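Asker: Just my_file_30.txt, nothing more (compact mmCIF, C-alpha atoms):
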# COMPACT_ATOMS: atom_id res chain seq x y z
CA PRO A 191 10.33 6.09 -109.18
CA ASN A 192 9.53 5.97 -112.89
CA VAL A 193 9.66 9.77 -113.22
CA VAL A 194 12.99 9.88 -111.37
CA HIS A 195 14.35 7.24 -113.76
CA GLN A 196 13.03 9.12 -116.81
CA CYS A 197 14.58 12.40 -115.68
CA ILE A 198 17.98 10.87 -114.93
CA ASP A 199 17.85 9.11 -118.29
CA LEU A 200 17.09 12.38 -120.11
CA ILE A 201 19.90 14.22 -118.30
CA ALA A 202 22.27 11.46 -119.42
CA ILE A 203 21.26 11.13 -123.07
CA PHE A 204 20.51 14.75 -123.97
CA PRO A 205 24.18 15.62 -124.66
CA LEU A 206 24.35 12.68 -127.09
CA ILE A 207 21.07 13.55 -128.79
CA SER A 208 22.16 17.17 -129.22
CA VAL A 209 25.65 16.56 -130.62
CA TYR A 210 24.66 13.57 -132.77
CA ALA A 211 21.74 15.53 -134.21
CA TYR A 212 24.10 18.38 -135.04
CA GLN A 213 26.60 16.04 -136.68
CA ALA A 214 23.83 14.54 -138.82
CA TYR A 215 22.55 18.02 -139.72
CA ASN A 216 26.07 19.20 -140.56
CA HIS A 217 26.58 16.18 -142.82
CA TYR A 218 23.26 15.86 -144.63
CA LYS A 219 22.37 19.56 -144.78
CA ASN A 220 25.79 21.18 -145.15
CA GLY A 221 27.62 18.38 -146.93
CA ASN A 222 30.42 18.13 -144.36
CA SER A 223 32.04 14.97 -143.03
CA LEU A 224 30.05 12.92 -140.53
CA TYR A 225 31.81 12.36 -137.19
CA ILE A 226 30.28 9.93 -134.73
CA HIS A 227 32.40 9.24 -131.64
CA THR A 228 31.47 6.94 -128.78
CA PRO A 229 30.99 8.65 -125.38
CA ARG A 230 33.33 7.58 -122.60
CA PRO A 231 32.00 6.86 -119.10
CA ASP A 232 35.24 8.07 -117.51
CA LEU A 233 34.75 11.61 -118.88
CA SER A 234 32.50 14.37 -117.56
CA THR A 235 29.50 15.65 -119.51
CA ALA A 236 31.50 18.66 -120.72
CA GLU A 237 34.47 16.50 -121.75
CA ASN A 238 32.20 14.11 -123.63
CA ILE A 239 30.48 16.97 -125.47
CA LEU A 240 33.83 18.31 -126.70
CA THR A 241 34.98 14.78 -127.61
CA LEU A 242 31.81 14.06 -129.58
CA LEU A 243 31.78 17.46 -131.27
CA ARG A 244 35.37 17.72 -132.50
CA PRO A 245 36.74 15.59 -135.37
CA ASP A 246 39.85 14.61 -133.42
CA GLY A 247 38.08 14.45 -130.04
CA SER A 248 40.75 16.61 -128.39
CA TYR A 249 40.30 19.42 -125.86
CA THR A 250 42.30 21.25 -123.21
CA PRO A 251 41.57 21.07 -119.46
CA LEU A 252 40.69 24.81 -119.52
CA GLU A 253 38.17 24.30 -122.33
CA ALA A 254 36.49 21.40 -120.52
CA HIS A 255 36.44 23.31 -117.24
CA ILE A 256 34.83 26.39 -118.80
CA LEU A 257 32.19 24.36 -120.66
CA ASP A 258 31.40 22.51 -117.43
CA LEU A 259 31.07 25.86 -115.67
CA CYS A 260 28.65 27.15 -118.35
CA LEU A 261 26.51 24.02 -118.03
CA VAL A 262 26.33 24.43 -114.25
CA LEU A 263 25.41 28.12 -114.51
CA HIS A 264 22.73 27.39 -117.12
CA ALA A 265 21.20 24.48 -115.20
CA GLU A 266 18.74 26.65 -113.29
CA HIS A 267 18.40 30.03 -111.62
CA GLY A 268 14.91 29.97 -110.12
CA GLY A 269 11.56 28.68 -111.22
CA GLY A 270 10.29 31.94 -112.66
CA ASN A 271 12.03 31.64 -116.03
CA ASN A 272 9.81 30.87 -118.99
CA SER A 273 10.81 27.28 -119.76
CA THR A 274 10.84 26.15 -116.14
CA PHE A 275 7.44 27.70 -115.53
CA THR A 276 6.26 25.90 -118.66
CA THR A 277 7.52 22.64 -117.15
CA ARG A 278 5.57 23.40 -113.98
CA VAL A 279 2.35 24.28 -115.80
CA VAL A 280 2.42 21.28 -118.13
CA THR A 281 3.42 18.90 -115.33
CA SER A 282 0.56 20.13 -113.15
CA SER A 283 -1.91 18.78 -115.72
CA GLY A 284 -0.67 15.26 -114.95
CA THR A 285 0.88 14.62 -118.35
CA ASP A 286 3.96 12.48 -118.97
CA THR A 287 7.62 13.48 -118.56
CA TYR A 288 8.40 13.62 -122.28
CA SER A 289 5.47 15.93 -123.04
CA ALA A 290 6.52 18.28 -120.24
CA MET A 291 10.13 18.40 -121.46
CA ALA A 292 9.03 18.90 -125.07
CA ALA A 293 6.96 21.88 -123.97
CA ALA A 294 9.93 23.29 -122.06
CA LEU A 295 12.09 22.92 -125.17
CA CYS A 296 9.53 24.79 -127.26
CA SER A 297 9.76 27.66 -124.76
CA LEU A 298 13.55 27.60 -124.54
CA LYS A 299 14.17 27.97 -128.25
CA GLY A 300 12.49 31.37 -128.39
CA PRO A 301 14.91 34.25 -129.08
CA ARG A 302 13.82 36.04 -125.90
CA HIS A 303 14.77 33.02 -123.80
CA GLY A 304 17.29 30.29 -124.65
CA GLY A 305 17.77 31.52 -128.19
CA ALA A 306 19.22 34.77 -126.88
CA ASN A 307 22.82 33.51 -126.76
CA ALA A 308 22.70 32.79 -130.49
CA LYS A 309 21.36 36.30 -131.04
CA VAL A 310 24.27 37.69 -128.99
CA VAL A 311 26.77 35.93 -131.26
CA SER A 312 25.08 37.34 -134.38
CA MET A 313 24.90 40.82 -132.84
CA HIS A 314 28.60 40.82 -131.97
CA GLU A 315 29.46 39.79 -135.53
CA ASP A 316 27.29 42.63 -136.82
CA ILE A 317 28.96 45.17 -134.50
CA ARG A 318 32.45 44.01 -135.50
CA ALA A 319 31.51 44.38 -139.16
CA HIS A 320 30.03 47.89 -138.86
CA VAL A 321 32.24 49.54 -136.22
CA SER A 322 35.56 50.39 -137.83
CA ASN A 323 37.46 51.20 -134.63
CA TRP A 324 36.51 48.83 -131.81
CA GLU A 325 38.41 50.96 -129.29
CA ASP A 326 36.49 54.14 -130.15
CA GLU A 327 33.85 54.28 -127.44
CA ASP A 328 31.89 57.02 -129.19
CA GLU A 329 31.63 54.94 -132.35
CA VAL A 330 30.62 51.83 -130.41
CA ALA A 331 28.01 53.78 -128.43
CA ALA A 332 26.64 55.37 -131.59
CA TYR A 333 26.14 51.97 -133.20
CA LEU A 334 24.46 50.61 -130.07
CA GLY A 335 22.12 53.59 -130.36
CA LYS A 336 21.32 52.58 -133.93
CA ILE A 337 20.47 49.09 -132.73
CA LEU A 338 18.10 50.53 -130.13
CA ASP A 339 16.53 52.78 -132.78
CA LYS A 340 15.87 49.68 -134.94
CA GLN A 341 18.19 51.07 -137.62
CA ALA A 342 20.80 48.32 -137.28
CA PHE A 343 21.22 44.59 -136.75
CA ASP A 344 17.87 42.71 -136.72
CA GLY A 345 15.53 45.69 -136.37
CA THR A 346 14.05 44.62 -133.03
CA GLY A 347 15.54 47.48 -131.04
CA LEU A 348 17.12 45.05 -128.56
CA ILE A 349 20.72 44.90 -127.37
CA TYR A 350 20.97 41.17 -126.70
CA GLY A 351 22.91 40.16 -123.62
CA MET A 352 21.91 43.32 -121.74
CA GLY A 353 19.11 43.42 -119.19
CA HIS A 354 17.29 40.75 -117.24
CA ALA A 355 13.83 40.31 -115.75
CA VAL A 356 15.24 39.61 -112.27
CA TYR A 357 18.87 40.73 -112.17
CA THR A 358 19.29 44.50 -112.31
CA LEU A 359 22.50 45.48 -110.50
CA SER A 360 24.46 42.46 -111.74
CA ASP A 361 23.94 38.94 -113.03
CA PRO A 362 26.24 36.79 -110.87
CA ARG A 363 26.44 34.21 -113.67
CA ALA A 364 27.74 36.86 -116.07
CA GLU A 365 30.36 37.91 -113.51
CA VAL A 366 31.77 34.38 -113.42
CA CYS A 367 31.58 33.91 -117.20
CA ARG A 368 33.38 37.20 -117.85
CA ARG A 369 36.35 36.09 -115.76
CA TYR A 370 36.71 32.77 -117.55
CA ALA A 371 36.01 34.28 -120.98
CA ARG A 372 38.95 36.62 -120.42
CA SER A 373 41.25 33.66 -119.65
CA LEU A 374 40.11 31.67 -122.68
CA ALA A 375 40.33 34.70 -124.99
CA ALA A 376 43.93 35.25 -123.90
CA LYS A 377 44.76 31.61 -124.70
CA LYS A 378 43.14 31.83 -128.14
CA ASP A 379 44.50 35.26 -129.13
CA LEU A 380 41.04 36.86 -129.11
CA GLY A 381 41.74 39.61 -126.59
CA GLU A 382 40.48 42.38 -128.91
CA GLU A 383 37.11 40.68 -129.39
CA PHE A 384 36.80 40.18 -125.64
CA ALA A 385 37.67 43.84 -125.01
CA LEU A 386 34.91 44.88 -127.42
CA ILE A 387 32.34 42.81 -125.50
CA GLU A 388 33.47 44.39 -122.22
CA ARG A 389 33.13 47.79 -123.91
CA ILE A 390 29.58 46.94 -124.97
CA GLU A 391 28.77 45.90 -121.40
CA ARG A 392 30.12 49.18 -120.05
CA LEU A 393 28.53 51.51 -122.63
CA ALA A 394 25.16 49.88 -123.24
CA PRO A 395 23.46 50.88 -119.94
CA GLN A 396 24.08 54.60 -120.54
CA VAL A 397 23.00 54.33 -124.18
CA MET A 398 19.82 52.59 -123.07
CA ARG A 399 19.15 55.28 -120.46
CA ASP A 400 19.64 57.92 -123.15
CA HIS A 401 16.92 56.14 -125.11
CA GLY A 402 14.42 56.28 -122.26
CA MET A 403 15.18 53.11 -120.30
CA THR A 404 14.54 53.83 -116.63
CA LYS A 405 15.24 50.58 -114.78
CA PRO A 406 18.80 49.53 -113.89
CA ILE A 407 20.49 47.54 -116.65
CA CYS A 408 23.29 45.00 -116.34
CA ALA A 409 24.81 42.35 -118.57
CA ASN A 410 23.22 38.93 -118.41
CA ILE A 411 24.89 35.55 -118.84
CA ASP A 412 24.21 35.43 -122.59
CA LEU A 413 26.58 38.35 -123.27
CA TYR A 414 29.57 36.13 -122.51
CA THR A 415 28.42 32.53 -123.00
CA GLY A 416 27.86 33.05 -126.72
CA PHE A 417 31.44 34.28 -127.04
CA ILE A 418 32.71 31.40 -124.90
CA TYR A 419 30.91 28.85 -127.06
CA LYS A 420 32.33 30.47 -130.18
CA MET A 421 35.86 30.17 -128.76
CA LEU A 422 35.15 26.52 -127.96
CA GLY A 423 34.15 25.91 -131.56
CA VAL A 424 30.52 25.23 -130.70
CA PRO A 425 28.44 26.04 -133.81
CA GLU A 426 25.57 28.51 -133.47
CA THR A 427 23.08 25.77 -134.34
CA LEU A 428 24.08 23.94 -131.17
CA LEU A 429 23.91 26.85 -128.71
CA THR A 430 20.27 26.43 -127.66
CA PRO A 431 20.49 22.60 -127.54
CA LEU A 432 23.45 22.96 -125.15
CA PHE A 433 21.33 25.27 -123.02
CA ALA A 434 18.70 22.50 -122.95
CA VAL A 435 21.37 19.95 -122.00
CA ALA A 436 22.18 22.06 -118.95
CA ARG A 437 18.64 23.00 -118.01
CA MET A 438 17.31 19.44 -118.19
CA ALA A 439 18.51 19.03 -114.59
CA GLY A 440 16.56 22.10 -113.46
CA TRP A 441 13.44 21.14 -115.38
CA SER A 442 13.60 17.66 -113.87
CA ALA A 443 13.88 18.99 -110.32
CA HIS A 444 10.91 21.30 -110.82
CA ARG A 445 8.84 18.56 -112.49
CA MET A 446 9.43 16.17 -109.60
CA GLU A 447 8.66 18.85 -107.01
CA GLU A 448 5.44 19.76 -108.83
CA LEU A 449 4.35 16.12 -109.01
CA PHE A 450 5.24 15.19 -105.46
CA CYS A 451 4.27 18.35 -103.60
CA ALA A 452 1.62 20.37 -105.45
CA HIS A 453 -1.18 18.01 -106.58
CA ARG A 454 -3.06 20.87 -108.21
CA ILE A 455 -3.35 22.07 -111.77
CA ILE A 456 -1.94 25.52 -112.46
CA ARG A 457 -4.75 27.54 -113.94
CA PRO A 458 -4.16 31.30 -114.17
CA ALA A 459 -7.04 33.74 -114.01
CA TYR A 460 -7.32 36.67 -116.41
CA ARG A 461 -8.72 40.10 -115.71
CA PRO A 462 -10.30 42.01 -118.62
CA VAL A 463 -8.74 45.39 -119.35
CA ILE A 464 -11.80 46.90 -121.08
CA GLU A 465 -15.09 48.06 -119.64
CA PRO A 466 -18.01 45.61 -119.89
CA LEU A 467 -19.86 45.97 -123.20
CA GLU A 468 -23.58 45.68 -123.67
CA TYR A 469 -24.55 42.66 -125.75
CA LYS A 470 -25.97 43.61 -129.13
CA PRO A 471 -28.15 41.06 -130.95
CA LEU A 472 -26.85 39.86 -134.31
CA ALA A 473 -29.79 41.45 -136.11
CA ASP A 474 -28.83 44.90 -134.76
CA ARG A 475 -25.14 44.75 -135.61
Let's see the structure in the file written out as structure tokens.

Answerer:
Amino acid sequence: PNVVHQCIDLIAIFPLISVYAYQAYNHYKNGNSLYIHTPRPDLSTAENILTLLRPDGSYTPLEAHILDLCLVLHAEHGGGNNSTFTTRVVTSSGTDTYSAMAAALCSLKGPRHGGANAKVVSMHEDIRAHVSNWEDEDEVAAYLGKILDKQAFDGTGLIYGMGHAVYTLSDPRAEVCRRYARSLAAKKDLGEEFALIERIERLAPQVMRDHGMTKPICANIDLYTGFIYKMLGVPETLLTPLFAVARMAGWSAHRMEELFCAHRIIRPAYRPVIEPLEYKPLADR
């Protein structure tokens, strides 16, 4: 019962911790005005986040609906993702709820996991700055090739928002987000930016195949959620914390299942990849 209470409590307070921490950071670090609004129990989590985040506390029903949708889609998609598996492993040792969630957060903030949506936003800004004609597919494809060749953007050779460890033909979460991103972009007069992202989604798989990628490639949820959050006015600093807000529900479910059902510590075995070596005494080395 105590773990259930702790998890429900964390799900409830994480939106406040995230937005209040951002407001404090934005004030003390960036010198901007400090806005602290009181959450309202009659509003949904998404509505409260927008209320707490914006100076005037206003939002449209479409904005709240789309943010709610993103939170639902981010909540969980199977226990094999890095942060959820971290929750399982740490929980299996018998440690407390807060230690398990802290470990999951440490995993989530990595740029190959929860930090990917922030990377997508930065990558799109970089593409918009270096591609003169967004409608020229050859120019867009050529720049994507430069990114893969580590000659552009952050030098990692990764097109963020493309590819997934599990989803290959399509990411159903990305399919939903694309549809709502199109609606929000039309409302906010950002149709050209949305069209560029769709162009990246369409061209990137062939560019990646041309660079030796053999497995099927599709867009993942990060390709569109970063753009959605930008349209909602969510600052880049808050993207990964919002991911954690959503995933706290999934982590909690997996933690409780691990505690109640498994009763064993997760201890992976490792196989050496080199041939056994003969021990050489220190004197002979």

Asker: One decimal, Å: what's the distance from CA of Gly221 in chain A over to CA of Leu432 in chain A, could you say?

Answerer: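 Computing it gives 22.6 Å between the two atoms.
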
Asker: Hey, which of A:Ile239, A:Leu224, A:Gly270, A:Thr346 ends up closest to Ala202 in chain A? Count all atoms listed in the file.

Answerer: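 Using all atoms listed in the file, Ala202 in chain A sits closest to A:Ile239.
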
Asker: Taking all atoms listed in the file into account, name the residue in A:Cys367, A:Val280, A:Met438, A:Met398 that is nearest to Ile456 in chain A.

Answerer: A:Val280

Asker: Using only C-alpha atoms, pick whichever of A:Asn410, A:Arg302, A:Arg389, A:Asn222 has the shortest atom-to-atom distance to Glu329 in chain A.

Answerer: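 Selected residue with least distance to Glu329 in chain A: A:Arg389.
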
Asker: Report, as lines of an AutoDock Vina configuration file, the axis-aligned box around all atoms of range 399-406 of chain A present in the file, extended by 5 Å on each side; give centre and edge lengths in Å to one decimal place.

Answerer:
center_x = 17.0
center_y = 53.7
center_z = -119.5
size_x = 15.2
size_y = 18.4
size_z = 21.2

Asker: Tell me which residues come within 7 Å of (27.9, 36.9, -128.4), as a list in words, counting all atoms listed in the file in the file's coordinates.

Answerer: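 Output of the proximity query reads Asn307, Ala308, Val310, Val311, Ser312, Met313, His314, Leu413, Tyr414, Thr415, Gly416 and Phe417 of chain A.
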
Asker: Write out as an mmCIF file with C-alpha atoms, keeping the file's coordinate frame which residues come within 10 Å of Ala375 in chain A when counting all atoms listed in the file, dropping same-chain ones fewer than 3 positions away.

Answerer:
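Final output, part19.cif:
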data_model
loop_
_atom_site.group_PDB
_atom_site.id
_atom_site.type_symbol
_atom_site.label_atom_id
_atom_site.label_comp_id
_atom_site.auth_asym_id
_atom_site.auth_seq_id
_atom_site.Cartn_x
_atom_site.Cartn_y
_atom_site.Cartn_z
ATOM 1 C CA TYR A 370 36.710 32.770 -117.550
ATOM 2 C CA ALA A 371 36.010 34.280 -120.980
ATOM 3 C CA ARG A 372 38.950 36.620 -120.420
ATOM 4 C CA LYS A 378 43.140 31.830 -128.140
ATOM 5 C CA ASP A 379 44.500 35.260 -129.130
ATOM 6 C CA LEU A 380 41.040 36.860 -129.110
ATOM 7 C CA GLY A 381 41.740 39.610 -126.590
ATOM 8 C CA GLU A 382 40.480 42.380 -128.910
ATOM 9 C CA GLU A 383 37.110 40.680 -129.390
ATOM 10 C CA PHE A 384 36.800 40.180 -125.640
ATOM 11 C CA ALA A 385 37.670 43.840 -125.010
ATOM 12 C CA PHE A 417 31.440 34.280 -127.040
ATOM 13 C CA ILE A 418 32.710 31.400 -124.900
ATOM 14 C CA MET A 421 35.860 30.170 -128.760
#

Asker: Counting only C-alpha atoms, which of A:Leu386, A:Pro301, A:Arg437, A:Leu252 gets nearest to Glu325 in chain A?

Answerer: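 Going through A:Leu386, A:Pro301, A:Arg437, A:Leu252 one by one, the smallest distance to Glu325 in chain A is for A:Leu386.
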
Asker: Report, in Å to a single decimal, how far apart CA of Pro462 in chain A and CA of Ala290 in chain A are.

Answerer: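 So the two atoms, CA of Ala290 in chain A and CA of Pro462 in chain A, lie 29.1 Å apart.
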
Asker: Which residue gives the smallest distance to Phe343 in chain A among A:Arg244, A:His320, A:Ala409, A:Leu233, with all atoms listed in the file counted?

Answerer: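 Of the candidates, the smallest distance to Phe343 in chain A is held by A:His320.
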
Asker: Taking all atoms listed in the file into account, which of A:Arg278, A:His401, A:Arg363, A:His264 comes nearest Leu449 in chain A?

Answerer: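 Counting all atoms listed in the file, the residue closest to Leu449 in chain A is A:Arg278.
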
Asker: For Gly335 in chain A, find every residue with an atom within 12 Å (counting all atoms listed in the file), except residues of its own chain fewer than 2 positions away, and show them as a count of residues only.

Answerer: 29

Asker: What lies within 8 Å of Glu266 in chain A using only C-alpha atoms, ignoring chain neighbours under 2 positions off, as a PDB file with C-alpha atoms, keeping the file's coordinate frame?

Answerer:
ATOM      1  CA  VAL A 262      26.330  24.430-114.250  1.00  0.00           C
ATOM      2  CA  LEU A 263      25.410  28.120-114.510  1.00  0.00           C
ATOM      3  CA  HIS A 264      22.730  27.390-117.120  1.00  0.00           C
ATOM      4  CA  GLY A 268      14.910  29.970-110.120  1.00  0.00           C
ATOM      5  CA  GLY A 269      11.560  28.680-111.220  1.00  0.00           C
ATOM      6  CA  ARG A 437      18.640  23.000-118.010  1.00  0.00           C
ATOM      7  CA  ALA A 439      18.510  19.030-114.590  1.00  0.00           C
ATOM      8  CA  GLY A 440      16.560  22.100-113.460  1.00  0.00           C
ATOM      9  CA  TRP A 441      13.440  21.140-115.380  1.00  0.00           C
TER      10      TRP A 441
END

Asker: Go ahead and compute the interatomic distance for CA of Phe433 in chain A and CA of Arg457 in chain A, in Å to one decimal.

Answerer: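 For CA of Phe433 in chain A relative to CA of Arg457 in chain A, the distance reads 27.7 Å.
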
Asker: Can you pull out the residues contacting Gly353 in chain A? Cut-off 8 Å, using only C-alpha atoms, and skip same-chain residues under 2 positions away; I want them as an NGL selection string.

Answerer: :A and (351 or 355 or 357-358 or 407-410)

Asker: Need to verify the contact set: Ala292 in chain A, 12 Å, all atoms listed in the file, exclusion of same-chain residues closer than 3 positions in sequence. Can you return it as a PyMOL selection string?

Answerer: chain A and resi 200+273-274+276-277+280-281+285-289+295-299+434+438+441
